[in-house]
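Trainee: Just start27.pdb, nothing more (PDB, C-alpha atoms, pLDDT in the B column):
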MODEL        1
ATOM      1  CA  PRO A 949      -1.791  11.775  17.763  1.00 95.00           C
ATOM      2  CA  ILE A 950      -0.160   8.476  16.861  1.00 97.00           C
ATOM      3  CA  LEU A 951      -1.593   8.665  13.334  1.00 98.00           C
ATOM      4  CA  LEU A 952      -1.581  11.922  11.376  1.00 98.00           C
ATOM      5  CA  THR A 953      -3.677  12.742   8.305  1.00 97.00           C
ATOM      6  CA  GLU A 954      -2.873  15.628   5.996  1.00 96.00           C
ATOM      7  CA  VAL A 955      -4.482  16.371   2.623  1.00 96.00           C
ATOM      8  CA  ARG A 956      -2.416  18.337   0.120  1.00 93.00           C
ATOM      9  CA  GLU A 957      -3.294  18.735  -3.562  1.00 93.00           C
ATOM     10  CA  GLU A 958      -5.780  15.823  -3.552  1.00 96.00           C
ATOM     11  CA  VAL A 959      -3.183  13.601  -1.863  1.00 98.00           C
ATOM     12  CA  MET A 960      -3.890  12.129   1.573  1.00 98.00           C
ATOM     13  CA  HIS A 961      -0.717  11.750   3.624  1.00 98.00           C
ATOM     14  CA  LEU A 962      -1.269   9.055   6.250  1.00 98.00           C
ATOM     15  CA  ILE A 963       1.622   9.330   8.698  1.00 98.00           C
ATOM     16  CA  LEU A 964       2.627   6.874  11.427  1.00 98.00           C
ATOM     17  CA  ASN A 965       3.635   8.988  14.412  1.00 98.00           C
ATOM     18  CA  ARG A 966       5.198   6.784  17.090  1.00 97.00           C
ATOM     19  CA  PRO A 967       8.868   7.506  16.352  1.00 97.00           C
ATOM     20  CA  ASP A 968       9.931   6.638  19.917  1.00 97.00           C
ATOM     21  CA  LYS A 969       8.448   3.148  19.410  1.00 97.00           C
ATOM     22  CA  ARG A 970       9.787   2.777  15.846  1.00 97.00           C
ATOM     23  CA  ASN A 971       6.180   3.243  14.675  1.00 98.00           C
ATOM     24  CA  ALA A 972       5.135  -0.139  16.029  1.00 97.00           C
ATOM     25  CA  LEU A 973       1.599  -1.142  15.061  1.00 97.00           C
ATOM     26  CA  SER A 974      -0.121  -1.159  18.415  1.00 97.00           C
ATOM     27  CA  HIS A 975      -3.741  -2.223  18.715  1.00 96.00           C
ATOM     28  CA  GLU A 976      -4.736   1.430  18.961  1.00 97.00           C
ATOM     29  CA  MET A 977      -2.684   2.313  15.865  1.00 97.00           C
ATOM     30  CA  LEU A 978      -4.391  -0.420  13.856  1.00 98.00           C
ATOM     31  CA  LEU A 979      -7.831   0.742  14.977  1.00 98.00           C
ATOM     32  CA  ARG A 980      -7.009   4.328  14.000  1.00 98.00           C
ATOM     33  CA  MET A 981      -5.693   3.193  10.628  1.00 98.00           C
ATOM     34  CA  SER A 982      -8.854   1.195   9.978  1.00 97.00           C
ATOM     35  CA  THR A 983     -11.047   4.217  10.776  1.00 97.00           C
ATOM     36  CA  ALA A 984      -8.897   6.526   8.645  1.00 97.00           C
ATOM     37  CA  LEU A 985      -8.948   4.166   5.661  1.00 98.00           C
ATOM     38  CA  GLU A 986     -12.730   3.864   5.861  1.00 97.00           C
ATOM     39  CA  ALA A 987     -13.023   7.662   5.712  1.00 97.00           C
ATOM     40  CA  ILE A 988     -10.503   7.930   2.863  1.00 97.00           C
ATOM     41  CA  ALA A 989     -12.412   5.372   0.786  1.00 97.00           C
ATOM     42  CA  ALA A 990     -15.523   7.553   0.956  1.00 96.00           C
ATOM     43  CA  ASP A 991     -13.711  10.829   0.230  1.00 95.00           C
ATOM     44  CA  THR A 992     -13.898  11.536  -3.517  1.00 92.00           C
ATOM     45  CA  ARG A 993     -11.609  14.558  -3.077  1.00 93.00           C
ATOM     46  CA  VAL A 994      -8.678  12.246  -2.308  1.00 97.00           C
ATOM     47  CA  ARG A 995      -7.017  10.955  -5.466  1.00 97.00           C
ATOM     48  CA  VAL A 996      -3.929   9.263  -4.019  1.00 98.00           C
ATOM     49  CA  VAL A 997      -2.771   8.110  -0.570  1.00 98.00           C
ATOM     50  CA  VAL A 998       0.837   8.332   0.623  1.00 98.00           C
ATOM     51  CA  LEU A 999       1.693   6.166   3.630  1.00 98.00           C
ATOM     52  CA  ALA A1000       4.664   7.639   5.498  1.00 98.00           C
ATOM     53  CA  ALA A1001       6.216   7.631   8.952  1.00 98.00           C
ATOM     54  CA  ARG A1002       8.003   9.975  11.330  1.00 98.00           C
ATOM     55  CA  GLY A1003      11.417   9.164  12.735  1.00 97.00           C
ATOM     56  CA  SER A1004      14.197   6.811  11.673  1.00 96.00           C
ATOM     57  CA  ALA A1005      12.007   3.703  11.202  1.00 98.00           C
ATOM     58  CA  PHE A1006       9.080   3.209   8.860  1.00 98.00           C
ATOM     59  CA  SER A1007       7.556   0.529  11.100  1.00 98.00           C
ATOM     60  CA  ALA A1008       8.969  -2.232  13.276  1.00 97.00           C
ATOM     61  CA  GLY A1009       5.724  -4.220  12.997  1.00 97.00           C
ATOM     62  CA  HIS A1010       3.499  -5.362  15.842  1.00 96.00           C
ATOM     63  CA  ASP A1011       4.067  -3.840  19.275  1.00 96.00           C
ATOM     64  CA  LEU A1012       5.562  -6.828  21.115  1.00 95.00           C
ATOM     65  CA  SER A1013       5.139  -5.094  24.475  1.00 94.00           C
ATOM     66  CA  GLU A1014       1.392  -5.669  24.084  1.00 95.00           C
ATOM     67  CA  MET A1015       1.693  -9.286  22.960  1.00 95.00           C
ATOM     68  CA  VAL A1016       3.233 -11.285  25.776  1.00 95.00           C
ATOM     69  CA  GLY A1017       0.862 -13.526  27.752  1.00 96.00           C
ATOM     70  CA  CYS A1018      -2.314 -12.812  25.770  1.00 96.00           C
ATOM     71  CA  SER A1019      -5.162 -15.284  25.339  1.00 97.00           C
ATOM     72  CA  GLU A1020      -5.726 -17.163  22.098  1.00 97.00           C
ATOM     73  CA  ASP A1021      -8.820 -15.040  21.439  1.00 97.00           C
ATOM     74  CA  ALA A1022      -6.827 -11.832  21.960  1.00 97.00           C
ATOM     75  CA  TYR A1023      -4.154 -12.963  19.492  1.00 97.00           C
ATOM     76  CA  ARG A1024      -6.784 -13.955  16.941  1.00 97.00           C
ATOM     77  CA  GLU A1025      -8.512 -10.572  17.279  1.00 97.00           C
ATOM     78  CA  LEU A1026      -5.211  -8.685  16.876  1.00 97.00           C
ATOM     79  CA  PHE A1027      -4.072 -10.592  13.793  1.00 97.00           C
ATOM     80  CA  ALA A1028      -7.547 -10.414  12.259  1.00 97.00           C
ATOM     81  CA  LEU A1029      -7.625  -6.647  12.826  1.00 97.00           C
ATOM     82  CA  CYS A1030      -4.205  -6.267  11.235  1.00 97.00           C
ATOM     83  CA  SER A1031      -5.287  -8.377   8.263  1.00 97.00           C
ATOM     84  CA  ARG A1032      -8.404  -6.237   7.798  1.00 97.00           C
ATOM     85  CA  VAL A1033      -6.267  -3.100   7.761  1.00 98.00           C
ATOM     86  CA  MET A1034      -3.909  -4.566   5.173  1.00 97.00           C
ATOM     87  CA  ARG A1035      -6.818  -5.627   2.978  1.00 96.00           C
ATOM     88  CA  ARG A1036      -8.343  -2.161   3.269  1.00 97.00           C
ATOM     89  CA  PHE A1037      -5.278  -0.734   1.532  1.00 97.00           C
ATOM     90  CA  ARG A1038      -5.921  -3.039  -1.429  1.00 95.00           C
ATOM     91  CA  ALA A1039      -9.659  -2.297  -1.370  1.00 96.00           C
ATOM     92  CA  LEU A1040      -9.235   1.495  -1.372  1.00 97.00           C
ATOM     93  CA  PRO A1041     -10.384   3.080  -4.648  1.00 97.00           C
ATOM     94  CA  GLN A1042      -7.320   5.329  -4.502  1.00 98.00           C
ATOM     95  CA  PRO A1043      -3.792   4.055  -5.214  1.00 98.00           C
ATOM     96  CA  VAL A1044      -1.534   3.899  -2.136  1.00 98.00           C
ATOM     97  CA  ILE A1045       2.169   4.714  -2.227  1.00 98.00           C
ATOM     98  CA  ALA A1046       4.464   3.671   0.610  1.00 98.00           C
ATOM     99  CA  ARG A1047       7.148   6.275   1.377  1.00 98.00           C
ATOM    100  CA  VAL A1048       9.767   4.177   3.176  1.00 98.00           C
ATOM    101  CA  GLN A1049      12.486   6.217   4.865  1.00 98.00           C
ATOM    102  CA  GLY A1050      13.915   3.527   7.166  1.00 97.00           C
ATOM    103  CA  LEU A1051      13.484   0.106   8.709  1.00 98.00           C
ATOM    104  CA  ALA A1052      10.348  -1.873   7.708  1.00 98.00           C
ATOM    105  CA  THR A1053      10.114  -5.193   9.535  1.00 98.00           C
ATOM    106  CA  ALA A1054       7.475  -7.885  10.141  1.00 98.00           C
ATOM    107  CA  ALA A1055       4.046  -6.220   9.906  1.00 98.00           C
ATOM    108  CA  GLY A1056       5.887  -3.056   8.854  1.00 98.00           C
ATOM    109  CA  CYS A1057       7.248  -4.921   5.845  1.00 98.00           C
ATOM    110  CA  GLN A1058       3.726  -6.266   5.360  1.00 98.00           C
ATOM    111  CA  LEU A1059       2.493  -2.665   5.163  1.00 98.00           C
ATOM    112  CA  VAL A1060       4.905  -1.929   2.327  1.00 98.00           C
ATOM    113  CA  ALA A1061       3.872  -5.066   0.437  1.00 98.00           C
ATOM    114  CA  ALA A1062       0.180  -4.230   0.917  1.00 98.00           C
ATOM    115  CA  CYS A1063       0.553  -0.825  -0.748  1.00 98.00           C
ATOM    116  CA  ASP A1064       0.170  -0.479  -4.507  1.00 98.00           C
ATOM    117  CA  LEU A1065       3.515   1.266  -5.057  1.00 98.00           C
ATOM    118  CA  ALA A1066       6.552   1.899  -2.883  1.00 98.00           C
ATOM    119  CA  VAL A1067       9.461   4.335  -2.936  1.00 98.00           C
ATOM    120  CA  ALA A1068      12.363   3.674  -0.568  1.00 98.00           C
ATOM    121  CA  ALA A1069      15.321   5.671   0.647  1.00 98.00           C
ATOM    122  CA  ASP A1070      18.614   4.025  -0.229  1.00 97.00           C
ATOM    123  CA  GLY A1071      19.274   3.344   3.444  1.00 97.00           C
ATOM    124  CA  ALA A1072      15.953   1.588   4.094  1.00 98.00           C
ATOM    125  CA  THR A1073      15.938  -2.085   5.087  1.00 98.00           C
ATOM    126  CA  PHE A1074      13.238  -4.746   5.017  1.00 98.00           C
ATOM    127  CA  ALA A1075      12.807  -7.944   7.027  1.00 98.00           C
ATOM    128  CA  THR A1076      10.338 -10.551   8.246  1.00 98.00           C
ATOM    129  CA  PRO A1077      12.265 -11.663  11.348  1.00 98.00           C
ATOM    130  CA  GLY A1078       9.475 -13.332  13.303  1.00 97.00           C
ATOM    131  CA  VAL A1079      11.114 -16.750  12.967  1.00 97.00           C
ATOM    132  CA  LYS A1080      13.926 -15.468  15.201  1.00 97.00           C
ATOM    133  CA  ILE A1081      11.562 -14.891  18.138  1.00 97.00           C
ATOM    134  CA  GLY A1082       9.468 -18.014  17.654  1.00 97.00           C
ATOM    135  CA  LEU A1083       6.557 -16.316  15.886  1.00 96.00           C
ATOM    136  CA  PHE A1084       6.679 -16.912  12.129  1.00 97.00           C
ATOM    137  CA  CYS A1085       5.619 -13.899  10.017  1.00 98.00           C
ATOM    138  CA  THR A1086       2.648 -15.777   8.602  1.00 97.00           C
ATOM    139  CA  THR A1087       0.260 -12.880   7.989  1.00 97.00           C
ATOM    140  CA  PRO A1088       3.042 -10.606   6.648  1.00 97.00           C
ATOM    141  CA  MET A1089       3.813 -13.469   4.261  1.00 97.00           C
ATOM    142  CA  VAL A1090       0.470 -13.054   2.459  1.00 97.00           C
ATOM    143  CA  PRO A1091       1.116  -9.751   0.650  1.00 97.00           C
ATOM    144  CA  LEU A1092       4.894 -10.370   0.589  1.00 98.00           C
ATOM    145  CA  VAL A1093       4.622 -13.486  -1.575  1.00 97.00           C
ATOM    146  CA  ARG A1094       2.242 -11.600  -3.866  1.00 95.00           C
ATOM    147  CA  ALA A1095       4.822  -8.851  -4.300  1.00 97.00           C
ATOM    148  CA  ILE A1096       8.065 -10.821  -4.720  1.00 98.00           C
ATOM    149  CA  PRO A1097       8.992 -14.305  -6.034  1.00 97.00           C
ATOM    150  CA  PRO A1098       8.220 -17.258  -3.737  1.00 97.00           C
ATOM    151  CA  ARG A1099      11.854 -18.279  -3.158  1.00 98.00           C
ATOM    152  CA  ALA A1100      12.806 -14.696  -2.339  1.00 98.00           C
ATOM    153  CA  ALA A1101       9.924 -14.498   0.131  1.00 98.00           C
ATOM    154  CA  LEU A1102      10.938 -17.788   1.730  1.00 98.00           C
ATOM    155  CA  GLU A1103      14.522 -16.561   2.088  1.00 98.00           C
ATOM    156  CA  MET A1104      13.257 -13.564   4.063  1.00 98.00           C
ATOM    157  CA  LEU A1105      10.772 -15.623   6.077  1.00 98.00           C
ATOM    158  CA  LEU A1106      13.022 -18.586   6.934  1.00 98.00           C
ATOM    159  CA  THR A1107      16.226 -16.687   7.709  1.00 98.00           C
ATOM    160  CA  GLY A1108      14.713 -13.527   9.172  1.00 98.00           C
ATOM    161  CA  LYS A1109      17.632 -11.598   7.707  1.00 98.00           C
ATOM    162  CA  ALA A1110      17.148  -8.001   6.572  1.00 98.00           C
ATOM    163  CA  ILE A1111      17.539  -7.062   2.930  1.00 98.00           C
ATOM    164  CA  SER A1112      18.711  -3.737   1.560  1.00 98.00           C
ATOM    165  CA  ALA A1113      16.583  -1.298  -0.382  1.00 98.00           C
ATOM    166  CA  GLN A1114      18.534  -2.292  -3.498  1.00 98.00           C
ATOM    167  CA  GLN A1115      17.669  -5.976  -2.979  1.00 98.00           C
ATOM    168  CA  ALA A1116      14.034  -5.036  -2.341  1.00 98.00           C
ATOM    169  CA  LEU A1117      14.078  -3.201  -5.673  1.00 98.00           C
ATOM    170  CA  ALA A1118      15.613  -6.169  -7.497  1.00 98.00           C
ATOM    171  CA  TRP A1119      12.941  -8.488  -6.078  1.00 98.00           C
ATOM    172  CA  GLY A1120      10.076  -6.084  -6.802  1.00 98.00           C
ATOM    173  CA  LEU A1121       9.085  -5.143  -3.253  1.00 98.00           C
ATOM    174  CA  VAL A1122       9.645  -1.459  -4.069  1.00 98.00           C
ATOM    175  CA  ASN A1123       9.393   0.522  -7.301  1.00 98.00           C
ATOM    176  CA  ARG A1124      12.197   3.023  -6.769  1.00 98.00           C
ATOM    177  CA  VAL A1125      15.223   3.496  -4.516  1.00 98.00           C
ATOM    178  CA  VAL A1126      16.493   7.052  -4.151  1.00 98.00           C
ATOM    179  CA  PRO A1127      18.621   9.145  -1.804  1.00 98.00           C
ATOM    180  CA  ALA A1128      16.609  10.087   1.267  1.00 97.00           C
ATOM    181  CA  ALA A1129      16.622  13.761   0.256  1.00 97.00           C
ATOM    182  CA  GLU A1130      14.838  12.852  -2.982  1.00 98.00           C
ATOM    183  CA  LEU A1131      12.056  10.712  -1.470  1.00 98.00           C
ATOM    184  CA  ASP A1132       9.390  13.407  -1.604  1.00 97.00           C
ATOM    185  CA  VAL A1133      10.343  14.453  -5.131  1.00 98.00           C
ATOM    186  CA  VAL A1134       9.929  10.937  -6.498  1.00 98.00           C
ATOM    187  CA  VAL A1135       6.727  10.302  -4.508  1.00 98.00           C
ATOM    188  CA  LYS A1136       5.318  13.519  -5.995  1.00 98.00           C
ATOM    189  CA  GLU A1137       6.207  12.326  -9.492  1.00 98.00           C
ATOM    190  CA  PHE A1138       4.006   9.278  -8.872  1.00 98.00           C
ATOM    191  CA  THR A1139       1.140  11.257  -7.319  1.00 98.00           C
ATOM    192  CA  ASP A1140       1.196  13.857 -10.104  1.00 97.00           C
ATOM    193  CA  ALA A1141       1.107  11.154 -12.775  1.00 97.00           C
ATOM    194  CA  ILE A1142      -1.845   9.413 -11.110  1.00 98.00           C
ATOM    195  CA  ARG A1143      -3.726  12.682 -10.587  1.00 97.00           C
ATOM    196  CA  ALA A1144      -3.359  13.498 -14.299  1.00 96.00           C
ATOM    197  CA  SER A1145      -5.608  10.577 -15.220  1.00 96.00           C
ATOM    198  CA  SER A1146      -9.347  10.115 -14.786  1.00 96.00           C
ATOM    199  CA  PRO A1147     -10.175   9.214 -11.152  1.00 95.00           C
ATOM    200  CA  LEU A1148     -12.869   6.855 -12.418  1.00 96.00           C
ATOM    201  CA  THR A1149     -10.463   5.044 -14.716  1.00 97.00           C
ATOM    202  CA  VAL A1150      -7.837   4.686 -11.980  1.00 97.00           C
ATOM    203  CA  ARG A1151     -10.453   3.293  -9.595  1.00 96.00           C
ATOM    204  CA  ILE A1152     -11.716   0.794 -12.188  1.00 97.00           C
ATOM    205  CA  GLY A1153      -8.184  -0.267 -13.059  1.00 97.00           C
ATOM    206  CA  LYS A1154      -6.960  -0.795  -9.504  1.00 97.00           C
ATOM    207  CA  GLN A1155      -9.928  -2.986  -8.593  1.00 96.00           C
ATOM    208  CA  ALA A1156      -9.649  -5.024 -11.788  1.00 97.00           C
ATOM    209  CA  PHE A1157      -5.921  -5.531 -11.270  1.00 96.00           C
ATOM    210  CA  TYR A1158      -6.383  -7.228  -7.909  1.00 95.00           C
ATOM    211  CA  ASP A1159      -9.521  -9.087  -8.998  1.00 95.00           C
ATOM    212  CA  GLN A1160      -7.766 -10.777 -11.908  1.00 95.00           C
ATOM    213  CA  LEU A1161      -4.726 -11.784  -9.836  1.00 92.00           C
ATOM    214  CA  ALA A1162      -6.848 -14.410  -8.086  1.00 89.00           C
ATOM    215  CA  LEU A1163      -8.085 -15.927 -11.375  1.00 96.00           C
ATOM    216  CA  ASP A1164      -6.660 -18.358 -13.921  1.00 96.00           C
ATOM    217  CA  GLU A1165      -5.675 -16.800 -17.258  1.00 97.00           C
ATOM    218  CA  ALA A1166      -8.900 -17.589 -19.134  1.00 97.00           C
ATOM    219  CA  SER A1167     -11.074 -16.289 -16.287  1.00 97.00           C
ATOM    220  CA  ALA A1168      -8.841 -13.229 -15.964  1.00 97.00           C
ATOM    221  CA  TYR A1169      -9.381 -12.422 -19.633  1.00 97.00           C
ATOM    222  CA  ASP A1170     -13.144 -12.845 -19.207  1.00 96.00           C
ATOM    223  CA  ARG A1171     -13.120 -10.509 -16.221  1.00 96.00           C
ATOM    224  CA  ALA A1172     -10.876  -7.973 -17.970  1.00 97.00           C
ATOM    225  CA  THR A1173     -13.070  -7.983 -21.082  1.00 97.00           C
ATOM    226  CA  GLU A1174     -16.153  -7.132 -19.063  1.00 97.00           C
ATOM    227  CA  VAL A1175     -14.364  -4.431 -17.073  1.00 97.00           C
ATOM    228  CA  MET A1176     -12.843  -2.839 -20.176  1.00 96.00           C
ATOM    229  CA  THR A1177     -16.201  -2.885 -21.949  1.00 97.00           C
ATOM    230  CA  GLY A1178     -17.855  -1.110 -19.034  1.00 96.00           C
ATOM    231  CA  ASN A1179     -14.941   1.339 -18.879  1.00 97.00           C
ATOM    232  CA  ALA A1180     -15.145   2.127 -22.608  1.00 97.00           C
ATOM    233  CA  VAL A1181     -18.711   3.440 -22.439  1.00 96.00           C
ATOM    234  CA  CYS A1182     -17.915   5.803 -19.537  1.00 96.00           C
ATOM    235  CA  GLN A1183     -17.852   9.523 -20.276  1.00 96.00           C
ATOM    236  CA  ASP A1184     -14.209   9.846 -19.252  1.00 97.00           C
ATOM    237  CA  ALA A1185     -13.140   7.127 -21.697  1.00 97.00           C
ATOM    238  CA  GLN A1186     -15.062   8.779 -24.525  1.00 96.00           C
ATOM    239  CA  GLU A1187     -13.571  12.152 -23.550  1.00 95.00           C
ATOM    240  CA  GLY A1188     -10.065  10.707 -23.364  1.00 97.00           C
ATOM    241  CA  MET A1189     -10.228   9.067 -26.782  1.00 97.00           C
ATOM    242  CA  SER A1190     -11.747  12.174 -28.359  1.00 97.00           C
ATOM    243  CA  ALA A1191      -9.113  14.407 -26.740  1.00 97.00           C
ATOM    244  CA  PHE A1192      -6.320  12.170 -28.017  1.00 97.00           C
ATOM    245  CA  LEU A1193      -7.672  12.245 -31.558  1.00 97.00           C
ATOM    246  CA  GLY A1194      -8.227  15.999 -31.302  1.00 97.00           C
ATOM    247  CA  LYS A1195      -4.734  16.542 -29.897  1.00 97.00           C
ATOM    248  CA  ARG A1196      -6.030  18.373 -26.850  1.00 96.00           C
ATOM    249  CA  ARG A1197      -5.893  17.850 -23.099  1.00 95.00           C
ATOM    250  CA  PRO A1198      -8.885  15.861 -21.743  1.00 96.00           C
ATOM    251  CA  THR A1199     -11.288  17.253 -19.178  1.00 96.00           C
ATOM    252  CA  TRP A1200     -12.178  14.575 -16.655  1.00 96.00           C
ATOM    253  CA  THR A1201     -15.576  14.509 -14.966  1.00 93.00           C
ATOM    254  CA  GLY A1202     -15.171  11.230 -13.080  1.00 89.00           C
ATOM    255  CA  ALA A1203     -18.155   9.711 -14.880  1.00 88.00           C
TER     256      ALA A1203
ENDMDL
END
Could you rewrite the structure in this file as structure tokens?
Mentor:
Amino acid sequence: PILLTEVREEVMHLILNRPDKRNALSHEMLLRMSTALEAIAADTRVRVVVLAARGSAFSAGHDLSEMVGCSEDAYRELFALCSRVMRRFRALPQPVIARVQGLATAAGCQLVAACDLAVAADGATFATPGVKIGLFCTTPMVPLVRAIPPRAALEMLLTGKAISAQQALAWGLVNRVVPAAELDVVVKEFTDAIRASSPLTVRIGKQAFYDQLALDEASAYDRATEVMTGNAVCQDAQEGMSAFLGKRRPTWTGA
């Protein structure tokens, strides 16, 4: 299969499996990802998603071998499908962590930016090189400019040059850079920390985070006030506060 799914300890590992094609996002791959994400969203047993890849590259982006000579409608359908997949990552109730072991370019870089968190091997590189082949990375730009500063994003988009994992860390595209041998250890630290909290609270918080990003400050405060009020009356919030005051470990029910 070109896309593997493995659940371990409440963590869904979604694994790109086209190493011979540098895990290019073919039309079939995007369709399979869309189906998998829909199933994950409905699976309450899954607390966290880890997006990983087999081989030396994380993802080289769109499969250019499928893209030469297509009709305008075919291009529109492909880019719309890709955009829906990227938005599904943000819409998932579970946090998504990108485990980046190698090259992430164009829509592959977009994948990293669309995830909630990212851990990269110190040899990983990131690029939006579409400008070099006459096809500007316009849809990858959308999550990229929401993850890193505008001038940094424009540097990547206008020059097409790759940046190192260390530069990606400095700009905020990734959360951690570690030796490749330590990737899984650090990813597990994130998944364990997320799994220790109430699944309901994490779900509420992730949705509110992205909702308020699109609002001005006053509207964001209004939205956050309503969300936090609704959160406070939930059983898990009451349990958490009581457990803290009682100096005991909380028991989450997800309600």
Trainee: Given all atoms listed in the file as the basis, pick out the residue of A:Gly1153, A:Pro1147, A:Gly1071, A:Pro1088 nearest to Thr1199 in chain A.
Mentor: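 Nearest to Thr1199 in chain A: A:Pro1147.
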Trainee: Rounded to one decimal in Å, what is the spacing between CA of Gln1114 in chain A and CA of Pro1127 in chain A?
Mentor: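 Result for CA of Gln1114 in chain A versus CA of Pro1127 in chain A: 11.6 Å, one decimal.
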Trainee: Which residues of range 972-1068 of chain A come within 7 Å of range 951-961 of chain A, and for each one, what is the closest pair of atoms and their distance in Å to one decimal, counting all atoms listed in the file, sorted by chain and residue number, as a Markdown table?
Mentor:
| residue | atom | partner | partner_atom | distance |
| --- | --- | --- | --- | --- |
| A:Met977 | CA | A:Leu951 | CA | 6.9 |
| A:Arg980 | CA | A:Leu951 | CA | 7.0 |
| A:Arg993 | CA | A:Glu958 | CA | 6.0 |
| A:Val994 | CA | A:Glu958 | CA | 4.8 |
| A:Arg995 | CA | A:Glu958 | CA | 5.4 |
| A:Val996 | CA | A:Val959 | CA | 4.9 |
| A:Val997 | CA | A:Met960 | CA | 4.7 |
| A:Val998 | CA | A:His961 | CA | 4.8 |
| A:Leu999 | CA | A:His961 | CA | 6.1 |
Trainee: Convert the output of the PyMOL selection byres ((chain A and resi 1100) around 12) on the shown file into explicit residues, formatted as a PDB file with C-alpha atoms, keeping the file's coordinate frame.
Mentor:
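Output file selection15.pdb follows:
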ATOM      1  CA  ALA A1075      12.807  -7.944   7.027  1.00 98.00           C
ATOM      2  CA  THR A1076      10.338 -10.551   8.246  1.00 98.00           C
ATOM      3  CA  MET A1089       3.813 -13.469   4.261  1.00 97.00           C
ATOM      4  CA  LEU A1092       4.894 -10.370   0.589  1.00 98.00           C
ATOM      5  CA  VAL A1093       4.622 -13.486  -1.575  1.00 97.00           C
ATOM      6  CA  ARG A1094       2.242 -11.600  -3.866  1.00 95.00           C
ATOM      7  CA  ALA A1095       4.822  -8.851  -4.300  1.00 97.00           C
ATOM      8  CA  ILE A1096       8.065 -10.821  -4.720  1.00 98.00           C
ATOM      9  CA  PRO A1097       8.992 -14.305  -6.034  1.00 97.00           C
ATOM     10  CA  PRO A1098       8.220 -17.258  -3.737  1.00 97.00           C
ATOM     11  CA  ARG A1099      11.854 -18.279  -3.158  1.00 98.00           C
ATOM     12  CA  ALA A1101       9.924 -14.498   0.131  1.00 98.00           C
ATOM     13  CA  LEU A1102      10.938 -17.788   1.730  1.00 98.00           C
ATOM     14  CA  GLU A1103      14.522 -16.561   2.088  1.00 98.00           C
ATOM     15  CA  MET A1104      13.257 -13.564   4.063  1.00 98.00           C
ATOM     16  CA  LEU A1105      10.772 -15.623   6.077  1.00 98.00           C
ATOM     17  CA  LEU A1106      13.022 -18.586   6.934  1.00 98.00           C
ATOM     18  CA  THR A1107      16.226 -16.687   7.709  1.00 98.00           C
ATOM     19  CA  GLY A1108      14.713 -13.527   9.172  1.00 98.00           C
ATOM     20  CA  LYS A1109      17.632 -11.598   7.707  1.00 98.00           C
ATOM     21  CA  ALA A1110      17.148  -8.001   6.572  1.00 98.00           C
ATOM     22  CA  ILE A1111      17.539  -7.062   2.930  1.00 98.00           C
ATOM     23  CA  GLN A1115      17.669  -5.976  -2.979  1.00 98.00           C
ATOM     24  CA  ALA A1116      14.034  -5.036  -2.341  1.00 98.00           C
ATOM     25  CA  ALA A1118      15.613  -6.169  -7.497  1.00 98.00           C
ATOM     26  CA  TRP A1119      12.941  -8.488  -6.078  1.00 98.00           C
ATOM     27  CA  GLY A1120      10.076  -6.084  -6.802  1.00 98.00           C
ATOM     28  CA  LEU A1121       9.085  -5.143  -3.253  1.00 98.00           C
TER      29      LEU A1121
END
Trainee: For range 1128-1146 of chain A, take all atoms listed in the file, fit an axis-aligned box around them, add 4 Å to each of the six sides, then output centre and edge lengths in Å rounded to one decimal, as lines of an AutoDock Vina configuration file.
Mentor:
center_x = 3.6
center_y = 11.9
center_z = -7.0
size_x = 34.0
size_y = 13.2
size_z = 24.5
Trainee: I need the residue nearest His975 in chain A from this list: A:Arg1036, A:Arg1143, A:Lys1195, A:His1010. Use all atoms listed in the file for the distance.
Mentor: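 Once distances to His975 in chain A are computed over all atoms listed in the file, the minimum belongs to A:His1010.
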Trainee: Using all atoms listed in the file, list the residues that have an atom at most 10 Å from (-3.1, -3.4, 8.5), coordinates as in the file, as an mmCIF file with C-alpha atoms, keeping the file's coordinate frame.
Mentor:
data_model
loop_
_atom_site.group_PDB
_atom_site.id
_atom_site.type_symbol
_atom_site.label_atom_id
_atom_site.label_comp_id
_atom_site.auth_asym_id
_atom_site.auth_seq_id
_atom_site.Cartn_x
_atom_site.Cartn_y
_atom_site.Cartn_z
ATOM 1 C CA LEU A 973 1.599 -1.142 15.061
ATOM 2 C CA MET A 977 -2.684 2.313 15.865
ATOM 3 C CA LEU A 978 -4.391 -0.420 13.856
ATOM 4 C CA LEU A 979 -7.831 0.742 14.977
ATOM 5 C CA MET A 981 -5.693 3.193 10.628
ATOM 6 C CA SER A 982 -8.854 1.195 9.978
ATOM 7 C CA LEU A 985 -8.948 4.166 5.661
ATOM 8 C CA GLY A 1009 5.724 -4.220 12.997
ATOM 9 C CA PHE A 1027 -4.072 -10.592 13.793
ATOM 10 C CA ALA A 1028 -7.547 -10.414 12.259
ATOM 11 C CA LEU A 1029 -7.625 -6.647 12.826
ATOM 12 C CA CYS A 1030 -4.205 -6.267 11.235
ATOM 13 C CA SER A 1031 -5.287 -8.377 8.263
ATOM 14 C CA ARG A 1032 -8.404 -6.237 7.798
ATOM 15 C CA VAL A 1033 -6.267 -3.100 7.761
ATOM 16 C CA MET A 1034 -3.909 -4.566 5.173
ATOM 17 C CA ARG A 1035 -6.818 -5.627 2.978
ATOM 18 C CA ARG A 1036 -8.343 -2.161 3.269
ATOM 19 C CA PHE A 1037 -5.278 -0.734 1.532
ATOM 20 C CA ALA A 1055 4.046 -6.220 9.906
ATOM 21 C CA GLY A 1056 5.887 -3.056 8.854
ATOM 22 C CA GLN A 1058 3.726 -6.266 5.360
ATOM 23 C CA LEU A 1059 2.493 -2.665 5.163
ATOM 24 C CA ALA A 1062 0.180 -4.230 0.917
ATOM 25 C CA PRO A 1088 3.042 -10.606 6.648
#
Trainee: Residues picked by the PyMOL selection byres ((chain A and resi 1202) around 7) here, as an NGL selection string?
Mentor: :A and (1146-1148 or 1184 or 1200-1201 or 1203)
Trainee: Using all atoms listed in the file, which residue out of A:Ile1045, A:Leu1083, A:Phe1192, A:Asp968 lies closest to Glu1137 in chain A?
Mentor: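 Nearest to Glu1137 in chain A: A:Ile1045.
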